[in-house]
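The data block below is entry-v1.cif; it holds mmCIF, C-alpha atoms.
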```
data_input
loop_
_atom_site.label_atom_id
_atom_site.label_comp_id
_atom_site.auth_asym_id
_atom_site.auth_seq_id
_atom_site.Cartn_x
_atom_site.Cartn_y
_atom_site.Cartn_z
CA MET A 1 145.61 30.71 42.11
CA SER A 2 146.56 28.18 44.79
CA LYS A 3 149.86 28.46 46.60
CA LYS A 4 152.79 26.25 45.73
CA LYS A 5 152.98 23.52 48.38
CA VAL A 6 156.64 22.91 49.20
CA VAL A 7 158.44 20.59 51.61
CA VAL A 8 161.74 22.13 52.70
CA ALA A 9 164.48 19.85 54.07
CA LEU A 10 167.10 21.70 56.14
CA GLY A 11 170.59 20.22 56.54
CA HIS A 12 173.21 20.66 59.26
CA GLU A 13 174.39 23.99 57.81
CA ALA A 14 171.00 25.54 58.57
CA LEU A 15 171.25 24.72 62.27
CA GLY A 16 174.85 24.62 63.46
CA SER A 17 176.19 22.09 65.95
CA THR A 18 175.93 23.74 69.39
CA ILE A 19 173.32 25.74 71.28
CA LEU A 20 174.96 29.09 70.46
CA GLU A 21 175.72 28.11 66.87
CA GLN A 22 172.10 27.11 66.40
CA LEU A 23 170.77 30.40 67.78
CA ASP A 24 172.86 32.28 65.21
CA ALA A 25 172.24 29.86 62.35
CA VAL A 26 168.44 29.82 62.61
CA LYS A 27 168.32 33.60 62.24
CA ASN A 28 169.83 33.31 58.76
CA THR A 29 167.73 30.23 58.04
CA ALA A 30 164.60 32.13 59.04
CA LYS A 31 165.39 34.86 56.49
CA ALA A 32 165.66 32.27 53.71
CA LEU A 33 162.41 30.59 54.78
CA ALA A 34 160.64 33.95 55.03
CA ASP A 35 161.74 34.71 51.45
CA LEU A 36 159.90 31.55 50.37
CA VAL A 37 156.79 32.54 52.32
CA GLU A 38 156.88 36.00 50.69
CA ALA A 39 157.10 34.28 47.31
CA ASP A 40 153.75 32.64 48.13
CA TYR A 41 155.05 29.18 49.03
CA GLN A 42 153.17 27.13 51.63
CA LEU A 43 155.97 25.56 53.68
CA THR A 44 156.23 22.30 55.53
CA ILE A 45 159.72 22.13 57.03
CA THR A 46 161.76 19.15 58.14
CA HIS A 47 165.31 19.26 59.44
CA SER A 48 168.39 17.33 60.47
CA ASN A 49 169.31 16.75 64.12
CA GLY A 50 172.61 14.83 64.12
CA PRO A 51 174.70 17.10 66.38
CA GLN A 52 171.68 17.98 68.52
CA VAL A 53 170.56 14.44 69.29
CA SER A 54 174.17 13.42 69.96
CA MET A 55 174.55 16.32 72.40
CA ILE A 56 171.37 15.32 74.23
CA HIS A 57 172.35 11.65 74.29
CA LYS A 58 175.76 12.53 75.75
CA ALA A 59 174.20 14.79 78.38
CA MET A 60 171.69 12.16 79.47
CA THR A 61 174.39 9.47 79.58
CA GLU A 62 176.66 11.64 81.73
CA LEU A 63 173.74 12.44 84.02
CA ARG A 64 173.27 8.73 84.60
CA ARG A 65 177.00 8.30 85.28
CA ILE A 66 176.98 11.03 87.94
CA TYR A 67 173.58 10.30 89.49
CA ILE A 68 173.13 6.54 89.56
CA ASP A 69 169.42 6.80 90.43
CA TYR A 70 168.64 8.40 87.06
CA THR A 71 167.40 6.12 84.30
CA PRO A 72 169.33 6.48 81.00
CA ALA A 73 167.24 8.17 78.31
CA PRO A 74 166.53 5.86 75.34
CA MET A 75 167.25 7.06 71.80
CA CYS A 76 163.56 7.67 71.07
CA VAL A 77 163.36 10.10 74.01
CA CYS A 78 166.56 11.87 72.91
CA SER A 79 165.07 12.20 69.43
CA ALA A 80 161.87 13.70 70.86
CA MET A 81 163.91 16.18 72.89
CA SER A 82 165.88 17.23 69.82
CA GLN A 83 162.69 17.72 67.78
CA GLY A 84 161.26 20.03 70.41
CA TYR A 85 164.50 21.95 70.90
CA VAL A 86 165.27 22.51 67.21
CA GLY A 87 161.63 23.16 66.30
CA TYR A 88 161.38 25.74 69.09
CA ASP A 89 164.34 27.73 67.72
CA ILE A 90 163.18 27.54 64.09
CA GLN A 91 159.57 28.49 64.77
CA ASN A 92 160.46 31.43 67.02
CA SER A 93 163.08 32.80 64.62
CA LEU A 94 160.81 32.38 61.60
CA LYS A 95 157.79 33.89 63.35
CA SER A 96 159.92 36.89 64.36
CA GLU A 97 161.28 37.32 60.83
CA LEU A 98 157.80 37.14 59.30
CA LEU A 99 156.46 39.75 61.71
CA LYS A 100 159.35 42.07 60.79
CA ARG A 101 158.09 41.83 57.22
CA GLY A 102 154.49 42.51 58.21
CA ILE A 103 153.38 38.91 57.74
CA SER A 104 151.18 37.41 60.43
CA LYS A 105 151.19 33.66 59.92
CA PRO A 106 151.08 30.79 62.45
CA VAL A 107 154.26 28.70 62.70
CA SER A 108 154.08 25.49 64.70
CA THR A 109 156.13 22.39 65.46
CA ILE A 110 154.52 18.95 65.51
CA LEU A 111 156.25 16.31 67.56
CA THR A 112 156.24 13.57 64.95
CA GLN A 113 156.48 9.79 65.28
CA VAL A 114 157.39 7.54 62.36
CA THR A 115 156.76 3.81 62.33
CA VAL A 116 159.55 1.43 61.32
CA ASP A 117 159.71 -2.31 60.68
CA PRO A 118 161.24 -4.21 63.62
CA TYR A 119 162.64 -6.68 61.09
CA ASP A 120 164.30 -4.01 58.94
CA VAL A 121 167.79 -5.21 58.02
CA ALA A 122 169.21 -2.00 59.52
CA PHE A 123 168.53 -3.37 63.02
CA TYR A 124 170.91 -6.23 62.29
CA GLU A 125 173.61 -3.98 60.85
CA PRO A 126 173.61 -0.69 62.85
CA LYS A 127 175.85 1.96 61.27
CA LYS A 128 174.78 5.36 62.59
CA ALA A 129 177.29 6.63 65.18
CA ILE A 130 175.84 8.79 67.97
CA GLY A 131 176.89 10.19 71.33
CA ARG A 132 180.23 10.63 73.04
CA TYR A 133 183.58 8.97 72.47
CA MET A 134 184.11 6.26 75.06
CA SER A 135 186.98 4.38 76.66
CA LYS A 136 187.31 0.62 76.22
CA ASP A 137 185.78 0.05 79.67
CA ASP A 138 182.77 2.24 78.90
CA ALA A 139 182.38 0.56 75.52
CA ASP A 140 182.31 -2.85 77.23
CA VAL A 141 179.53 -1.60 79.51
CA GLU A 142 177.47 -0.59 76.45
CA ILE A 143 178.10 -3.96 74.80
CA ASN A 144 176.99 -5.78 77.96
CA LYS A 145 173.76 -3.78 77.83
CA GLY A 146 173.13 -5.13 74.34
CA ASN A 147 174.14 -2.00 72.44
CA TYR A 148 176.38 -1.90 69.37
CA VAL A 149 179.76 -0.15 69.54
CA VAL A 150 182.42 0.66 66.92
CA ARG A 151 185.98 1.87 67.26
CA GLU A 152 186.74 5.37 65.95
CA GLY A 153 190.36 6.47 66.20
CA ASP A 154 191.51 6.08 69.80
CA GLY A 155 187.98 5.79 71.20
CA TYR A 156 184.69 4.01 70.79
CA ARG A 157 181.21 5.19 69.87
CA ARG A 158 177.78 3.67 70.08
CA VAL A 159 176.05 2.94 66.76
CA VAL A 160 172.32 2.58 66.18
CA ALA A 161 170.16 1.39 63.30
CA ALA A 162 168.78 3.69 60.62
CA PRO A 163 165.67 1.82 59.36
CA ASN A 164 163.44 2.97 56.50
CA PRO A 165 160.33 4.96 57.47
CA ILE A 166 156.94 3.29 56.97
CA ASP A 167 154.21 5.70 58.11
CA ILE A 168 154.19 9.21 59.56
CA VAL A 169 151.86 8.84 62.55
CA GLU A 170 150.82 12.51 62.76
CA ILE A 171 150.43 13.03 58.99
CA GLU A 172 146.74 14.03 59.24
CA ALA A 173 147.58 16.79 61.72
CA ILE A 174 150.38 18.00 59.43
CA LYS A 175 148.02 18.00 56.42
CA THR A 176 145.35 19.93 58.34
CA LEU A 177 147.75 22.73 59.27
CA ALA A 178 149.35 22.81 55.81
CA ASP A 179 145.94 23.00 54.13
CA ALA A 180 145.14 25.94 56.41
CA ASP A 181 148.22 27.73 54.94
CA GLN A 182 150.18 27.53 58.16
CA VAL A 183 153.93 26.96 58.32
CA VAL A 184 154.54 23.51 59.79
CA ILE A 185 157.76 22.06 61.20
CA ALA A 186 157.50 18.27 61.34
CA CYS A 187 159.44 15.00 61.17
CA GLY A 188 162.51 16.70 62.64
CA GLY A 189 165.62 14.53 62.62
CA GLY A 190 163.75 11.92 60.59
CA GLY A 191 160.97 11.65 63.17
CA ILE A 192 160.84 9.64 66.38
CA PRO A 193 161.19 5.99 65.31
CA VAL A 194 158.46 3.81 66.80
CA ILE A 195 157.34 0.21 66.38
CA GLU A 196 153.64 -0.62 66.39
CA GLN A 197 152.86 -3.55 68.66
CA GLN A 198 149.17 -4.44 69.14
CA HIS A 199 148.09 -0.83 68.51
CA ILE A 200 150.69 0.49 70.96
CA LEU A 201 153.59 2.59 69.71
CA LYS A 202 156.91 1.73 71.34
CA GLY A 203 160.07 3.77 70.82
CA ALA A 204 162.83 2.09 68.83
CA SER A 205 166.56 2.34 69.51
CA ALA A 206 167.24 3.88 66.12
CA VAL A 207 167.31 7.03 64.03
CA ILE A 208 165.73 7.72 60.64
CA GLU A 209 167.65 9.43 57.85
CA LYS A 210 166.42 13.01 57.43
CA ASP A 211 166.50 12.83 53.63
CA SER A 212 164.47 9.63 53.58
CA ILE A 213 161.71 11.17 55.67
CA ALA A 214 161.76 14.34 53.54
CA GLY A 215 160.89 12.26 50.48
CA LYS A 216 158.19 10.42 52.41
CA LEU A 217 156.70 13.65 53.80
CA ALA A 218 156.61 15.31 50.37
CA SER A 219 154.96 12.19 48.93
CA ASP A 220 152.30 11.98 51.63
CA LEU A 221 151.47 15.67 51.30
CA GLN A 222 151.42 15.44 47.49
CA ALA A 223 153.67 18.49 47.54
CA ASP A 224 154.32 20.46 44.35
CA GLU A 225 158.01 20.62 45.16
CA LEU A 226 160.67 19.15 47.43
CA LEU A 227 163.43 21.64 48.21
CA ILE A 228 166.54 20.07 49.75
CA PHE A 229 169.05 22.52 51.21
CA THR A 230 172.58 21.25 51.60
CA SER A 231 176.17 22.58 51.62
CA VAL A 232 176.65 22.86 47.83
CA ASP A 233 174.94 24.87 45.09
CA TYR A 234 174.44 21.86 42.79
CA VAL A 235 174.66 18.12 42.63
CA TYR A 236 177.99 17.42 40.94
CA LYS A 237 179.35 14.76 38.62
CA ASP A 238 182.84 13.63 39.71
CA PHE A 239 182.44 15.55 42.96
CA GLY A 240 185.77 16.49 44.54
CA LYS A 241 187.80 15.67 41.42
CA GLU A 242 189.44 17.99 38.89
CA SER A 243 186.76 16.91 36.43
CA GLN A 244 183.94 17.99 38.77
CA GLN A 245 180.94 19.42 36.89
CA PRO A 246 177.56 20.70 38.15
CA ILE A 247 174.44 18.86 37.02
CA PRO A 248 171.82 21.59 36.39
CA SER A 249 169.04 19.08 35.76
CA MET A 250 168.34 15.37 35.54
CA SER A 251 165.45 13.01 35.09
CA VAL A 252 164.61 10.16 37.45
CA ALA A 253 166.02 7.73 34.87
CA GLU A 254 169.27 9.71 34.68
CA ALA A 255 169.46 9.86 38.48
CA LYS A 256 169.17 6.08 38.66
CA ALA A 257 171.92 5.74 36.06
CA PHE A 258 174.19 8.02 38.09
CA ILE A 259 173.50 5.89 41.18
CA GLU A 260 174.30 2.71 39.25
CA ALA A 261 177.61 4.28 38.23
CA GLY A 262 178.45 5.05 41.88
CA GLU A 263 178.42 8.79 41.25
CA PHE A 264 177.06 9.96 44.62
CA GLY A 265 178.57 9.70 48.11
CA GLU A 266 176.84 7.09 50.24
CA THR A 267 176.51 9.30 53.31
CA ASP A 268 175.99 12.72 51.70
CA MET A 269 174.41 13.10 48.26
CA LEU A 270 173.07 9.58 47.65
CA PRO A 271 170.34 9.77 50.35
CA LYS A 272 169.13 13.05 48.82
CA ILE A 273 168.90 11.58 45.33
CA MET A 274 167.09 8.52 46.70
CA ALA A 275 164.61 10.80 48.49
CA ALA A 276 164.04 12.70 45.24
CA ILE A 277 163.32 9.49 43.35
CA GLN A 278 160.95 8.24 46.07
CA TYR A 279 158.98 11.49 45.96
CA LEU A 280 158.84 11.78 42.16
CA GLU A 281 157.67 8.20 41.76
CA ALA A 282 154.77 9.03 44.10
CA VAL A 283 154.12 12.51 42.66
CA PRO A 284 154.95 12.28 38.93
CA ASN A 285 154.32 15.98 38.25
CA GLY A 286 156.50 17.11 41.16
CA LYS A 287 159.88 18.81 41.14
CA VAL A 288 162.96 18.48 43.35
CA VAL A 289 165.57 21.21 43.77
CA ILE A 290 168.86 20.53 45.56
CA THR A 291 171.02 23.56 46.41
CA SER A 292 172.50 25.59 49.25
CA LEU A 293 170.50 27.66 51.72
CA ASP A 294 172.14 30.98 50.79
CA LYS A 295 170.86 30.63 47.22
CA THR A 296 167.18 30.79 48.20
CA ALA A 297 166.49 33.95 46.19
CA ASP A 298 167.97 32.33 43.10
CA VAL A 299 165.90 29.19 43.72
CA ILE A 300 162.74 31.29 43.67
CA ASN A 301 163.83 32.73 40.32
CA GLU A 302 164.91 29.28 39.07
CA LYS A 303 168.50 30.41 38.49
CA VAL A 304 170.44 27.86 40.59
CA GLY A 305 170.31 24.34 41.96
CA THR A 306 169.97 20.88 40.47
CA VAL A 307 166.41 20.27 39.30
CA ILE A 308 165.14 16.69 39.19
CA THR A 309 161.89 15.77 37.47
CA ASN A 310 160.32 12.82 35.74
#
```

Could you take the file, read its structure, and then write that structure out as structure tokens?
Amino acid sequence: MSKKKVVVALGHEALGSTILEQLDAVKNTAKALADLVEADYQLTITHSNGPQVSMIHKAMTELRRIYIDYTPAPMCVCSAMSQGYVGYDIQNSLKSELLKRGISKPVSTILTQVTVDPYDVAFYEPKKAIGRYMSKDDADVEINKGNYVVREGDGYRRVVAAPNPIDIVEIEAIKTLADADQVVIACGGGGIPVIEQQHILKGASAVIEKDSIAGKLASDLQADELLIFTSVDYVYKDFGKESQQPIPSMSVAEAKAFIEAGEFGETDMLPKIMAAIQYLEAVPNGKVVITSLDKTADVINEKVGTVITN
């Protein structure tokens, strides 16, 4: 019997927001992931990186402010740094947890690039806020450099585009390791956005939504299941209202109807539902489960979480 091939998408709750928070968080995350490995799942893991890439971007910007000879790090480089940093913590914690359970299995992180369309509408309407809060003077400097800035409260923040992913550049390497029953961490933070120009990959000043790349990764791998961990046990109808109700299951058609009715938050649940639809349209026999990380044991026993199928 072949193993169940699963793509696991980890949200912010699985990682924390600071270096120390992340060290603590990944220990609990590793236990949940090890439970899946023990249940005979072959895991390919992707993860968010919002707080991490913002922290790195702020650090590199401040370095440039203090030491004028330093070149500011572009967003693509900050994204690469965050992939390595988060992947390092996850793979070490998971490897350690597996060994405690007597499981010897390779765990590796692939620095992953993802191509985007330079004419994607997102480049003309950047919305993703990153980095530090700035004064008006600092914001003017960013604007003069050609960057986009928005006002938030009493300060300003830089915003970048969040284009749709086209191709995962290292997908064959990911497939090779997954087919060898290794645990793979890939496409962290949505992947490093790159633009292909005459067979040369050039980093883009952008970020890719983590949920969008999770759907793409699960599709490309023809995974049996896409498991999206978030902060709630279920997808809810009327979320946050007195009439709030969990949705234990839904079809793709029902998911589209909920979207049409404006049921899901644009920046939280909607991207996850869109990723589920993208994956299920590519893998008709697949299954998506959306739930919280601390319910992993119940997910294995199919007792919790919103299940989406065709």

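Among the candidates A:Val183, A:Ile130, A:Val159, A:Leu10, the residue lying nearest to Ile143 in chain A is A:Val159 (atoms considered: all atoms listed in the file).
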
CA of Val37 in chain A to CA of Ser93 in chain A, distance in Å rounded to a single decimal: 13.8 Å

Resolved residues for the PyMOL selection byres ((chain A and resi 171) around 10) as a PyMOL selection string: chain A and resi 110+112-114+167-170+172-176+186-187+217+220-221

Test item: residues at most 8 Å from range 48-56 of chain A, all atoms listed in the file, excluding those fewer than 2 positions along its chain, as a compact mmCIF listing (two decimals) with C-alpha atoms, keeping the file's coordinate frame:
```txt
# COMPACT_ATOMS: atom_id res chain seq x y z
CA ALA A 9 164.48 19.85 54.07
CA LEU A 10 167.10 21.70 56.14
CA GLY A 11 170.59 20.22 56.54
CA HIS A 12 173.21 20.66 59.26
CA SER A 17 176.19 22.09 65.95
CA THR A 18 175.93 23.74 69.39
CA THR A 46 161.76 19.15 58.14
CA LYS A 58 175.76 12.53 75.75
CA ALA A 59 174.20 14.79 78.38
CA MET A 60 171.69 12.16 79.47
CA CYS A 78 166.56 11.87 72.91
CA SER A 79 165.07 12.20 69.43
CA MET A 81 163.91 16.18 72.89
CA SER A 82 165.88 17.23 69.82
CA GLN A 83 162.69 17.72 67.78
CA VAL A 86 165.27 22.51 67.21
CA ILE A 130 175.84 8.79 67.97
CA GLY A 131 176.89 10.19 71.33
CA ARG A 132 180.23 10.63 73.04
CA GLY A 188 162.51 16.70 62.64
CA GLY A 189 165.62 14.53 62.62
CA GLY A 190 163.75 11.92 60.59
CA LYS A 210 166.42 13.01 57.43
```

Contacts of Ile45 in chain A at 6 Å (all atoms listed in the file; same-chain gap of 4+ positions) as a PDB file with C-alpha atoms, in the frame of the given file:
```
ATOM      1  CA  VAL A   7     158.440  20.590  51.610  1.00  0.00           C
ATOM      2  CA  VAL A   8     161.740  22.130  52.700  1.00  0.00           C
ATOM      3  CA  ILE A 185     157.760  22.060  61.200  1.00  0.00           C
TER       4      ILE A 185
END
```

Output of the PyMOL selection byres ((chain A and resi 134) around 9), listed as an MDAnalysis selection string: chainID A and resid 132:133 135:139 155:158

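Pairwise distance (CA of Leu43 in chain A, CA of Lys256 in chain A) equals 27.9 Å.
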
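CA of Val141 in chain A sits 16.6 Å away from CA of Tyr67 in chain A.
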
Hits from the PyMOL selection byres ((chain A and resi 34) around 12), listed as JSON, numbers by chain: {"A": [26, 27, 28, 29, 30, 31, 32, 33, 35, 36, 37, 38, 39, 40, 41, 42, 43, 90, 91, 93, 94, 95, 96, 97, 98, 99, 100, 101, 102, 103, 104, 105, 107, 183, 296, 297, 300]}

Export of range 138-156 of chain A: N, CA and C atoms, as a compact mmCIF listing (two decimals), in the first residue's frame:
```
# COMPACT_ATOMS: atom_id res chain seq x y z
N ASP A 138 11.16 59.44 5.80
CA ASP A 138 11.64 58.14 5.31
C ASP A 138 10.73 57.60 4.21
N ALA A 139 9.43 57.84 4.37
CA ALA A 139 8.49 57.39 3.35
C ALA A 139 8.76 58.10 2.02
N ASP A 140 9.07 59.39 2.08
CA ASP A 140 9.38 60.15 0.87
C ASP A 140 10.63 59.60 0.17
N VAL A 141 11.61 59.16 0.98
CA VAL A 141 12.81 58.56 0.41
C VAL A 141 12.45 57.29 -0.37
N GLU A 142 11.57 56.45 0.22
CA GLU A 142 11.15 55.22 -0.45
C GLU A 142 10.41 55.54 -1.75
N ILE A 143 9.54 56.54 -1.70
CA ILE A 143 8.78 56.93 -2.89
C ILE A 143 9.72 57.41 -3.99
N ASN A 144 10.73 58.18 -3.61
CA ASN A 144 11.70 58.68 -4.60
C ASN A 144 12.52 57.56 -5.22
N LYS A 145 12.62 56.43 -4.50
CA LYS A 145 13.33 55.27 -5.05
C LYS A 145 12.43 54.43 -5.97
N GLY A 146 11.17 54.83 -6.07
CA GLY A 146 10.24 54.11 -6.92
C GLY A 146 9.41 53.06 -6.21
N ASN A 147 9.48 53.04 -4.87
CA ASN A 147 8.72 52.07 -4.10
C ASN A 147 7.34 52.63 -3.73
N TYR A 148 6.42 51.74 -3.42
CA TYR A 148 5.07 52.14 -3.02
C TYR A 148 5.00 52.21 -1.49
N VAL A 149 4.28 53.21 -0.99
CA VAL A 149 4.14 53.42 0.44
C VAL A 149 2.68 53.72 0.77
N VAL A 150 2.21 53.21 1.93
CA VAL A 150 0.86 53.55 2.38
C VAL A 150 0.94 54.06 3.82
N ARG A 151 -0.05 54.84 4.19
CA ARG A 151 -0.11 55.34 5.56
C ARG A 151 -0.85 54.34 6.43
N GLU A 152 -0.28 54.04 7.61
CA GLU A 152 -0.92 53.18 8.59
C GLU A 152 -0.85 53.86 9.94
N GLY A 153 -2.00 54.33 10.43
CA GLY A 153 -2.00 55.04 11.70
C GLY A 153 -1.20 56.31 11.63
N ASP A 154 -0.21 56.44 12.53
CA ASP A 154 0.64 57.64 12.56
C ASP A 154 1.91 57.48 11.73
N GLY A 155 2.08 56.31 11.10
CA GLY A 155 3.30 56.08 10.33
C GLY A 155 3.02 55.65 8.91
N TYR A 156 4.07 55.21 8.26
CA TYR A 156 3.98 54.77 6.87
C TYR A 156 4.68 53.43 6.74
```
